[in-house]
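This is entry06.json. It holds JSON, N, CA and C atoms.
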[["chain", "number", "residue", "atom", "x", "y", "z"],
["Y", 784, "LEU", "N", -1.20, -17.71, 11.22],
["Y", 784, "LEU", "CA", -2.64, -17.62, 11.27],
["Y", 784, "LEU", "C", -3.12, -16.41, 12.04],
["Y", 785, "SER", "N", -2.32, -15.95, 12.99],
["Y", 785, "SER", "CA", -2.75, -14.78, 13.77],
["Y", 785, "SER", "C", -2.88, -13.51, 12.93],
["Y", 786, "PRO", "N", -2.03, -13.27, 11.91],
["Y", 786, "PRO", "CA", -2.28, -12.09, 11.07],
["Y", 786, "PRO", "C", -3.63, -12.14, 10.37],
["Y", 787, "ALA", "N", -4.04, -13.32, 9.94],
["Y", 787, "ALA", "CA", -5.35, -13.45, 9.28],
["Y", 787, "ALA", "C", -6.47, -13.10, 10.25],
["Y", 788, "VAL", "N", -6.38, -13.57, 11.47],
["Y", 788, "VAL", "CA", -7.40, -13.26, 12.48],
["Y", 788, "VAL", "C", -7.41, -11.77, 12.78],
["Y", 789, "PHE", "N", -6.23, -11.20, 12.97],
["Y", 789, "PHE", "CA", -6.12, -9.77, 13.24],
["Y", 789, "PHE", "C", -6.69, -8.94, 12.10],
["Y", 790, "GLU", "N", -6.34, -9.29, 10.87],
["Y", 790, "GLU", "CA", -6.84, -8.55, 9.70],
["Y", 790, "GLU", "C", -8.35, -8.67, 9.57],
["Y", 791, "GLU", "N", -8.89, -9.83, 9.81],
["Y", 791, "GLU", "CA", -10.35, -10.00, 9.71],
["Y", 791, "GLU", "C", -11.06, -9.17, 10.77],
["Y", 792, "LEU", "N", -10.53, -9.14, 11.97],
["Y", 792, "LEU", "CA", -11.16, -8.32, 13.01],
["Y", 792, "LEU", "C", -11.05, -6.83, 12.69],
["Y", 793, "LEU", "N", -9.88, -6.42, 12.26],
["Y", 793, "LEU", "CA", -9.65, -5.00, 12.01],
["Y", 793, "LEU", "C", -10.32, -4.51, 10.74],
["Y", 794, "PHE", "N", -10.27, -5.28, 9.67],
["Y", 794, "PHE", "CA", -10.75, -4.81, 8.37],
["Y", 794, "PHE", "C", -12.12, -5.33, 7.98],
["Y", 795, "ARG", "N", -12.68, -6.26, 8.72],
["Y", 795, "ARG", "CA", -14.02, -6.74, 8.41],
["Y", 795, "ARG", "C", -14.98, -6.51, 9.57],
["Y", 796, "TYR", "N", -14.63, -6.99, 10.75],
["Y", 796, "TYR", "CA", -15.55, -6.91, 11.88],
["Y", 796, "TYR", "C", -15.86, -5.47, 12.29],
["Y", 797, "ILE", "N", -14.83, -4.68, 12.48],
["Y", 797, "ILE", "CA", -15.05, -3.29, 12.94],
["Y", 797, "ILE", "C", -15.80, -2.47, 11.89],
["Y", 798, "PRO", "N", -15.38, -2.46, 10.60],
["Y", 798, "PRO", "CA", -16.17, -1.70, 9.63],
["Y", 798, "PRO", "C", -17.60, -2.22, 9.50],
["Y", 799, "MET", "N", -17.78, -3.53, 9.64],
["Y", 799, "MET", "CA", -19.12, -4.09, 9.53],
["Y", 799, "MET", "C", -20.02, -3.55, 10.65],
["Y", 800, "LYS", "N", -19.49, -3.48, 11.83],
["Y", 800, "LYS", "CA", -20.27, -2.99, 12.97],
["Y", 800, "LYS", "C", -20.52, -1.48, 12.88],
["Y", 801, "LEU", "N", -19.51, -0.73, 12.41],
["Y", 801, "LEU", "CA", -19.63, 0.72, 12.39],
["Y", 801, "LEU", "C", -20.30, 1.27, 11.13],
["Y", 802, "LEU", "N", -20.01, 0.72, 9.96],
["Y", 802, "LEU", "CA", -20.46, 1.31, 8.70],
["Y", 802, "LEU", "C", -21.65, 0.61, 8.05],
["Y", 803, "LEU", "N", -21.84, -0.65, 8.31],
["Y", 803, "LEU", "CA", -22.90, -1.39, 7.64],
["Y", 803, "LEU", "C", -24.30, -0.81, 7.87],
["Y", 804, "PRO", "N", -24.60, -0.30, 9.07],
["Y", 804, "PRO", "CA", -25.93, 0.29, 9.24],
["Y", 804, "PRO", "C", -26.20, 1.49, 8.33],
["Y", 805, "TYR", "N", -25.16, 2.13, 7.84],
["Y", 805, "TYR", "CA", -25.33, 3.32, 7.01],
["Y", 805, "TYR", "C", -25.30, 3.02, 5.51],
["Y", 806, "SER", "N", -24.38, 2.15, 5.09],
["Y", 806, "SER", "CA", -24.26, 1.87, 3.65],
["Y", 806, "SER", "C", -23.48, 0.59, 3.42],
["Y", 807, "ARG", "N", -24.09, -0.36, 2.75],
["Y", 807, "ARG", "CA", -23.39, -1.61, 2.41],
["Y", 807, "ARG", "C", -22.21, -1.34, 1.48],
["Y", 808, "ARG", "N", -22.48, -0.54, 0.45],
["Y", 808, "ARG", "CA", -21.44, -0.27, -0.55],
["Y", 808, "ARG", "C", -20.23, 0.42, 0.09],
["Y", 809, "TRP", "N", -20.46, 1.46, 0.88],
["Y", 809, "TRP", "CA", -19.35, 2.18, 1.51],
["Y", 809, "TRP", "C", -18.59, 1.28, 2.48],
["Y", 810, "CYS", "N", -19.31, 0.44, 3.17],
["Y", 810, "CYS", "CA", -18.68, -0.50, 4.11],
["Y", 810, "CYS", "C", -17.73, -1.43, 3.37],
["Y", 811, "ILE", "N", -18.17, -1.97, 2.23],
["Y", 811, "ILE", "CA", -17.35, -2.90, 1.44],
["Y", 811, "ILE", "C", -16.14, -2.19, 0.86],
["Y", 812, "VAL", "N", -16.35, -1.01, 0.26],
["Y", 812, "VAL", "CA", -15.24, -0.27, -0.37],
["Y", 812, "VAL", "C", -14.23, 0.19, 0.67],
["Y", 813, "TYR", "N", -14.69, 0.75, 1.78],
["Y", 813, "TYR", "CA", -13.79, 1.22, 2.84],
["Y", 813, "TYR", "C", -12.95, 0.08, 3.39],
["Y", 814, "SER", "N", -13.59, -1.03, 3.66],
["Y", 814, "SER", "CA", -12.89, -2.20, 4.19],
["Y", 814, "SER", "C", -11.82, -2.68, 3.22],
["Y", 815, "ALA", "N", -12.19, -2.80, 1.94],
["Y", 815, "ALA", "CA", -11.24, -3.28, 0.92],
["Y", 815, "ALA", "C", -10.08, -2.31, 0.72],
["Y", 816, "LEU", "N", -10.38, -1.02, 0.75],
["Y", 816, "LEU", "CA", -9.32, -0.02, 0.58],
["Y", 816, "LEU", "C", -8.32, -0.09, 1.74],
["Y", 817, "CYS", "N", -8.82, -0.14, 2.95],
["Y", 817, "CYS", "CA", -7.91, -0.25, 4.10],
["Y", 817, "CYS", "C", -7.11, -1.55, 4.07],
["Y", 818, "PHE", "N", -7.76, -2.63, 3.69],
["Y", 818, "PHE", "CA", -7.10, -3.93, 3.59],
["Y", 818, "PHE", "C", -5.98, -3.89, 2.56],
["Y", 819, "SER", "N", -6.23, -3.23, 1.42],
["Y", 819, "SER", "CA", -5.19, -3.17, 0.37],
["Y", 819, "SER", "C", -4.04, -2.25, 0.78],
["Y", 820, "LEU", "N", -4.34, -1.16, 1.45],
["Y", 820, "LEU", "CA", -3.29, -0.22, 1.84],
["Y", 820, "LEU", "C", -2.33, -0.80, 2.87],
["Y", 821, "ILE", "N", -2.82, -1.69, 3.71],
["Y", 821, "ILE", "CA", -1.97, -2.27, 4.76],
["Y", 821, "ILE", "C", -0.93, -3.23, 4.15],
["Y", 822, "HIS", "N", -1.15, -3.70, 2.94],
["Y", 822, "HIS", "CA", -0.21, -4.62, 2.32],
["Y", 822, "HIS", "C", 1.02, -3.92, 1.74],
["Y", 823, "CYS", "N", 0.98, -2.62, 1.59],
["Y", 823, "CYS", "CA", 2.15, -1.76, 1.29],
["Y", 823, "CYS", "C", 3.01, -2.19, 0.10],
["Y", 824, "SER", "N", 2.50, -2.94, -0.79],
["Y", 824, "SER", "CA", 3.25, -3.32, -1.97],
["Y", 824, "SER", "C", 2.37, -3.04, -3.18],
["Y", 825, "PHE", "N", 2.91, -2.29, -4.14],
["Y", 825, "PHE", "CA", 2.12, -1.95, -5.30],
["Y", 825, "PHE", "C", 1.70, -3.19, -6.10],
["Y", 826, "LEU", "N", 2.46, -4.26, -5.97],
["Y", 826, "LEU", "CA", 2.10, -5.50, -6.65],
["Y", 826, "LEU", "C", 0.97, -6.23, -5.92],
["Y", 827, "GLN", "N", 0.93, -6.13, -4.61],
["Y", 827, "GLN", "CA", -0.09, -6.81, -3.83],
["Y", 827, "GLN", "C", -1.38, -6.01, -3.68],
["Y", 828, "MET", "N", -1.30, -4.69, -3.79],
["Y", 828, "MET", "CA", -2.45, -3.85, -3.50],
["Y", 828, "MET", "C", -3.68, -4.14, -4.36],
["Y", 829, "PRO", "N", -3.55, -4.29, -5.68],
["Y", 829, "PRO", "CA", -4.76, -4.59, -6.47],
["Y", 829, "PRO", "C", -5.39, -5.93, -6.08],
["Y", 830, "TYR", "N", -4.55, -6.95, -5.89],
["Y", 830, "TYR", "CA", -5.05, -8.26, -5.46],
["Y", 830, "TYR", "C", -5.72, -8.15, -4.10],
["Y", 831, "ALA", "N", -5.08, -7.43, -3.18],
["Y", 831, "ALA", "CA", -5.63, -7.28, -1.83],
["Y", 831, "ALA", "C", -6.96, -6.51, -1.86],
["Y", 832, "PHE", "N", -7.06, -5.52, -2.75],
["Y", 832, "PHE", "CA", -8.32, -4.77, -2.85],
["Y", 832, "PHE", "C", -9.45, -5.68, -3.34],
["Y", 833, "VAL", "N", -9.18, -6.45, -4.38],
["Y", 833, "VAL", "CA", -10.20, -7.37, -4.91],
["Y", 833, "VAL", "C", -10.57, -8.42, -3.86],
["Y", 834, "ALA", "N", -9.56, -8.96, -3.20],
["Y", 834, "ALA", "CA", -9.82, -9.95, -2.14],
["Y", 834, "ALA", "C", -10.62, -9.31, -1.02],
["Y", 835, "GLY", "N", -10.29, -8.07, -0.67],
["Y", 835, "GLY", "CA", -11.03, -7.35, 0.38],
["Y", 835, "GLY", "C", -12.48, -7.14, 0.01],
["Y", 836, "VAL", "N", -12.74, -6.80, -1.24],
["Y", 836, "VAL", "CA", -14.13, -6.64, -1.70],
["Y", 836, "VAL", "C", -14.87, -7.97, -1.59],
["Y", 837, "ILE", "N", -14.24, -9.04, -2.05],
["Y", 837, "ILE", "CA", -14.88, -10.36, -1.99],
["Y", 837, "ILE", "C", -15.13, -10.78, -0.55],
["Y", 838, "PHE", "N", -14.11, -10.65, 0.29],
["Y", 838, "PHE", "CA", -14.26, -11.05, 1.70],
["Y", 838, "PHE", "C", -15.39, -10.28, 2.37],
["Y", 839, "MET", "N", -15.40, -8.95, 2.19],
["Y", 839, "MET", "CA", -16.41, -8.15, 2.87],
["Y", 839, "MET", "C", -17.80, -8.38, 2.29],
["Y", 840, "ALA", "N", -17.89, -8.57, 0.98],
["Y", 840, "ALA", "CA", -19.20, -8.85, 0.37],
["Y", 840, "ALA", "C", -19.77, -10.16, 0.90],
["Y", 841, "VAL", "N", -18.92, -11.16, 1.07],
["Y", 841, "VAL", "CA", -19.36, -12.43, 1.64],
["Y", 841, "VAL", "C", -19.81, -12.22, 3.09],
["Y", 842, "ASP", "N", -19.06, -11.46, 3.84],
["Y", 842, "ASP", "CA", -19.43, -11.18, 5.23],
["Y", 842, "ASP", "C", -20.75, -10.44, 5.33],
["Y", 843, "VAL", "N", -20.94, -9.46, 4.48],
["Y", 843, "VAL", "CA", -22.19, -8.69, 4.48],
["Y", 843, "VAL", "C", -23.35, -9.61, 4.11],
["Y", 844, "ALA", "N", -23.14, -10.48, 3.13],
["Y", 844, "ALA", "CA", -24.20, -11.40, 2.71],
["Y", 844, "ALA", "C", -24.60, -12.37, 3.82],
["Y", 845, "PHE", "N", -23.61, -12.85, 4.58],
["Y", 845, "PHE", "CA", -23.88, -13.80, 5.65],
["Y", 845, "PHE", "C", -24.11, -13.15, 7.01],
["Y", 846, "GLY", "N", -23.74, -11.88, 7.15],
["Y", 846, "GLY", "CA", -23.92, -11.18, 8.42],
["Y", 846, "GLY", "C", -22.94, -11.61, 9.49],
["Y", 847, "SER", "N", -21.78, -12.10, 9.07],
["Y", 847, "SER", "CA", -20.78, -12.61, 10.01],
["Y", 847, "SER", "C", -19.40, -12.52, 9.38],
["Y", 848, "VAL", "N", -18.36, -12.43, 10.22],
["Y", 848, "VAL", "CA", -16.99, -12.41, 9.70],
["Y", 848, "VAL", "C", -16.40, -13.81, 9.56],
["Y", 849, "TRP", "N", -17.10, -14.82, 10.01],
["Y", 849, "TRP", "CA", -16.58, -16.18, 9.93],
["Y", 849, "TRP", "C", -16.31, -16.65, 8.51],
["Y", 850, "PRO", "N", -17.19, -16.36, 7.55],
["Y", 850, "PRO", "CA", -16.88, -16.81, 6.18],
["Y", 850, "PRO", "C", -15.57, -16.23, 5.64],
["Y", 851, "SER", "N", -15.33, -14.94, 5.86],
["Y", 851, "SER", "CA", -14.08, -14.35, 5.35],
["Y", 851, "SER", "C", -12.87, -14.85, 6.13],
["Y", 852, "LEU", "N", -13.05, -15.14, 7.38],
["Y", 852, "LEU", "CA", -11.94, -15.69, 8.17],
["Y", 852, "LEU", "C", -11.54, -17.05, 7.61],
["Y", 853, "ILE", "N", -12.50, -17.86, 7.29],
["Y", 853, "ILE", "CA", -12.21, -19.17, 6.69],
["Y", 853, "ILE", "C", -11.57, -19.00, 5.32],
["Y", 854, "LEU", "N", -12.12, -18.10, 4.49],
["Y", 854, "LEU", "CA", -11.52, -17.84, 3.17],
["Y", 854, "LEU", "C", -10.09, -17.32, 3.30],
["Y", 855, "HIS", "N", -9.85, -16.45, 4.26],
["Y", 855, "HIS", "CA", -8.51, -15.91, 4.48],
["Y", 855, "HIS", "C", -7.53, -17.03, 4.83],
["Y", 856, "PHE", "N", -7.95, -17.93, 5.72],
["Y", 856, "PHE", "CA", -7.10, -19.07, 6.05],
["Y", 856, "PHE", "C", -6.79, -19.92, 4.82],
["Y", 857, "VAL", "N", -7.80, -20.16, 4.01],
["Y", 857, "VAL", "CA", -7.61, -20.98, 2.81],
["Y", 857, "VAL", "C", -6.64, -20.30, 1.85],
["Y", 858, "PHE", "N", -6.81, -18.99, 1.61],
["Y", 858, "PHE", "CA", -5.92, -18.28, 0.72],
["Y", 858, "PHE", "C", -4.51, -18.17, 1.28],
["Y", 859, "THR", "N", -4.38, -18.06, 2.59],
["Y", 859, "THR", "CA", -3.06, -17.97, 3.21],
["Y", 859, "THR", "C", -2.32, -19.29, 3.06],
["Y", 860, "ILE", "N", -3.01, -20.38, 3.22],
["Y", 860, "ILE", "CA", -2.40, -21.70, 3.10],
["Y", 860, "ILE", "C", -2.04, -21.98, 1.63],
["Y", 861, "LYS", "N", -2.92, -21.61, 0.71],
["Y", 861, "LYS", "CA", -2.70, -21.87, -0.71],
["Y", 861, "LYS", "C", -1.54, -21.03, -1.28],
["Y", 862, "VAL", "N", -1.40, -19.79, -0.83],
["Y", 862, "VAL", "CA", -0.42, -18.88, -1.40],
["Y", 862, "VAL", "C", 0.84, -18.93, -0.70]]

When written as structure tokens, how does the structure in this file appear?
Amino acid sequence: LSPAVFEELLFRYIPMKLLLPYSRRWCIVYSALCFSLIHCSFLQMPYAFVAGVIFMAVDVAFGSVWPSLILHFVFTIKV
């Protein structure tokens, strides 16, 4: 569970605080791109990018990283 918390803080919370005031779209794309690159597997990268877009879009919509943290836990347990 700690990797999920670390990833949410690093790839959602920090970009949200730094980039969201400038551009929602860039914040979502940047976060998803970094999230996918950290997975280092060409098979996982597309899935991680799409998941990163969904997680960050949910966070931007709610204004908090808690929704993506919960989703990340659910996906980690399911997969």

Open item on the list: Give me the residues near Ala787 in chain Y as an MDAnalysis selection string, where near means some atom within 9 Å (using only C-alpha atoms) and where sequence neighbours in that chain fewer than 2 positions away do not count.
Closed with: chainID Y and resid 784:785 789:792 852 855:856 859

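Between atom N of Tyr813 in chain Y and atom N of Leu793 in chain Y there is a distance of 13.6 Å.
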
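Computed from the coordinates, the CA of Ile860 in chain Y to atom C of Trp809 in chain Y distance equals 28.1 Å.
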
Open item on the list: To one decimal place in Å, what is the distance between atom N of Phe832 in chain Y and CA of Tyr805 in chain Y?
Closed with: 22.5 Å

- [ ] Excluding Ala844 in chain Y and any residue of its chain fewer than 5 positions from it, enumerate the residues within 12 Å of it, using only C-alpha atoms, and give them as number ranges by chain.
- [x] Y: 799, 803, 807-808, 811, 836-839, 849-851

Output: range 785-814 of chain Y of the preceding structure, restricted to N, CA and C atoms, written as a PDB file, in the first residue's frame.
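As written to disk, selection.pdb reads:
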ATOM      1  N   SER Y 785       2.048   1.180   0.542  1.00  0.00           N
ATOM      2  CA  SER Y 785       2.893   2.380   0.580  1.00  0.00           C
ATOM      3  C   SER Y 785       3.298   2.865  -0.815  1.00  0.00           C
ATOM      4  N   PRO Y 786       3.541   1.985  -1.810  1.00  0.00           N
ATOM      5  CA  PRO Y 786       3.820   2.519  -3.149  1.00  0.00           C
ATOM      6  C   PRO Y 786       2.653   3.329  -3.704  1.00  0.00           C
ATOM      7  N   ALA Y 787       1.435   2.905  -3.431  1.00  0.00           N
ATOM      8  CA  ALA Y 787       0.267   3.661  -3.909  1.00  0.00           C
ATOM      9  C   ALA Y 787       0.228   5.041  -3.273  1.00  0.00           C
ATOM     10  N   VAL Y 788       0.491   5.126  -1.991  1.00  0.00           N
ATOM     11  CA  VAL Y 788       0.502   6.425  -1.306  1.00  0.00           C
ATOM     12  C   VAL Y 788       1.618   7.298  -1.862  1.00  0.00           C
ATOM     13  N   PHE Y 789       2.800   6.723  -2.015  1.00  0.00           N
ATOM     14  CA  PHE Y 789       3.934   7.470  -2.552  1.00  0.00           C
ATOM     15  C   PHE Y 789       3.640   7.976  -3.957  1.00  0.00           C
ATOM     16  N   GLU Y 790       3.098   7.118  -4.810  1.00  0.00           N
ATOM     17  CA  GLU Y 790       2.783   7.513  -6.188  1.00  0.00           C
ATOM     18  C   GLU Y 790       1.722   8.601  -6.227  1.00  0.00           C
ATOM     19  N   GLU Y 791       0.726   8.503  -5.391  1.00  0.00           N
ATOM     20  CA  GLU Y 791      -0.322   9.534  -5.376  1.00  0.00           C
ATOM     21  C   GLU Y 791       0.243  10.876  -4.932  1.00  0.00           C
ATOM     22  N   LEU Y 792       1.106  10.865  -3.942  1.00  0.00           N
ATOM     23  CA  LEU Y 792       1.708  12.127  -3.499  1.00  0.00           C
ATOM     24  C   LEU Y 792       2.624  12.707  -4.571  1.00  0.00           C
ATOM     25  N   LEU Y 793       3.435  11.854  -5.168  1.00  0.00           N
ATOM     26  CA  LEU Y 793       4.412  12.323  -6.144  1.00  0.00           C
ATOM     27  C   LEU Y 793       3.784  12.691  -7.477  1.00  0.00           C
ATOM     28  N   PHE Y 794       2.844  11.903  -7.955  1.00  0.00           N
ATOM     29  CA  PHE Y 794       2.309  12.102  -9.300  1.00  0.00           C
ATOM     30  C   PHE Y 794       0.952  12.787  -9.346  1.00  0.00           C
ATOM     31  N   ARG Y 795       0.306  12.990  -8.223  1.00  0.00           N
ATOM     32  CA  ARG Y 795      -0.966  13.697  -8.218  1.00  0.00           C
ATOM     33  C   ARG Y 795      -0.904  14.958  -7.358  1.00  0.00           C
ATOM     34  N   TYR Y 796      -0.498  14.816  -6.107  1.00  0.00           N
ATOM     35  CA  TYR Y 796      -0.532  15.957  -5.189  1.00  0.00           C
ATOM     36  C   TYR Y 796       0.409  17.083  -5.622  1.00  0.00           C
ATOM     37  N   ILE Y 797       1.651  16.744  -5.892  1.00  0.00           N
ATOM     38  CA  ILE Y 797       2.633  17.779  -6.251  1.00  0.00           C
ATOM     39  C   ILE Y 797       2.276  18.460  -7.576  1.00  0.00           C
ATOM     40  N   PRO Y 798       1.990  17.709  -8.666  1.00  0.00           N
ATOM     41  CA  PRO Y 798       1.587  18.406  -9.892  1.00  0.00           C
ATOM     42  C   PRO Y 798       0.310  19.233  -9.713  1.00  0.00           C
ATOM     43  N   MET Y 799      -0.614  18.736  -8.890  1.00  0.00           N
ATOM     44  CA  MET Y 799      -1.851  19.474  -8.675  1.00  0.00           C
ATOM     45  C   MET Y 799      -1.567  20.824  -8.018  1.00  0.00           C
ATOM     46  N   LYS Y 800      -0.682  20.833  -7.061  1.00  0.00           N
ATOM     47  CA  LYS Y 800      -0.348  22.075  -6.365  1.00  0.00           C
ATOM     48  C   LYS Y 800       0.464  23.025  -7.251  1.00  0.00           C
ATOM     49  N   LEU Y 801       1.373  22.458  -8.056  1.00  0.00           N
ATOM     50  CA  LEU Y 801       2.257  23.304  -8.859  1.00  0.00           C
ATOM     51  C   LEU Y 801       1.674  23.705 -10.209  1.00  0.00           C
ATOM     52  N   LEU Y 802       0.985  22.809 -10.897  1.00  0.00           N
ATOM     53  CA  LEU Y 802       0.560  23.061 -12.273  1.00  0.00           C
ATOM     54  C   LEU Y 802      -0.911  23.426 -12.438  1.00  0.00           C
ATOM     55  N   LEU Y 803      -1.746  23.004 -11.541  1.00  0.00           N
ATOM     56  CA  LEU Y 803      -3.184  23.243 -11.696  1.00  0.00           C
ATOM     57  C   LEU Y 803      -3.548  24.722 -11.812  1.00  0.00           C
ATOM     58  N   PRO Y 804      -2.889  25.615 -11.078  1.00  0.00           N
ATOM     59  CA  PRO Y 804      -3.238  27.029 -11.240  1.00  0.00           C
ATOM     60  C   PRO Y 804      -2.992  27.571 -12.656  1.00  0.00           C
ATOM     61  N   TYR Y 805      -2.140  26.914 -13.415  1.00  0.00           N
ATOM     62  CA  TYR Y 805      -1.809  27.391 -14.757  1.00  0.00           C
ATOM     63  C   TYR Y 805      -2.636  26.729 -15.855  1.00  0.00           C
ATOM     64  N   SER Y 806      -2.827  25.408 -15.751  1.00  0.00           N
ATOM     65  CA  SER Y 806      -3.557  24.705 -16.813  1.00  0.00           C
ATOM     66  C   SER Y 806      -4.031  23.344 -16.320  1.00  0.00           C
ATOM     67  N   ARG Y 807      -5.319  23.119 -16.378  1.00  0.00           N
ATOM     68  CA  ARG Y 807      -5.863  21.809 -15.987  1.00  0.00           C
ATOM     69  C   ARG Y 807      -5.362  20.712 -16.921  1.00  0.00           C
ATOM     70  N   ARG Y 808      -5.435  20.995 -18.217  1.00  0.00           N
ATOM     71  CA  ARG Y 808      -5.045  19.992 -19.216  1.00  0.00           C
ATOM     72  C   ARG Y 808      -3.580  19.600 -19.053  1.00  0.00           C
ATOM     73  N   TRP Y 809      -2.685  20.578 -18.940  1.00  0.00           N
ATOM     74  CA  TRP Y 809      -1.258  20.281 -18.809  1.00  0.00           C
ATOM     75  C   TRP Y 809      -0.977  19.531 -17.509  1.00  0.00           C
ATOM     76  N   CYS Y 810      -1.674  19.890 -16.469  1.00  0.00           N
ATOM     77  CA  CYS Y 810      -1.514  19.214 -15.177  1.00  0.00           C
ATOM     78  C   CYS Y 810      -1.872  17.736 -15.306  1.00  0.00           C
ATOM     79  N   ILE Y 811      -2.985  17.437 -15.972  1.00  0.00           N
ATOM     80  CA  ILE Y 811      -3.437  16.053 -16.139  1.00  0.00           C
ATOM     81  C   ILE Y 811      -2.476  15.265 -17.020  1.00  0.00           C
ATOM     82  N   VAL Y 812      -2.070  15.848 -18.154  1.00  0.00           N
ATOM     83  CA  VAL Y 812      -1.176  15.149 -19.088  1.00  0.00           C
ATOM     84  C   VAL Y 812       0.200  14.927 -18.467  1.00  0.00           C
ATOM     85  N   TYR Y 813       0.762  15.949 -17.828  1.00  0.00           N
ATOM     86  CA  TYR Y 813       2.079  15.828 -17.202  1.00  0.00           C
ATOM     87  C   TYR Y 813       2.068  14.746 -16.125  1.00  0.00           C
ATOM     88  N   SER Y 814       1.055  14.771 -15.290  1.00  0.00           N
ATOM     89  CA  SER Y 814       0.940  13.785 -14.221  1.00  0.00           C
ATOM     90  C   SER Y 814       0.853  12.371 -14.783  1.00  0.00           C
TER      91      SER Y 814
END
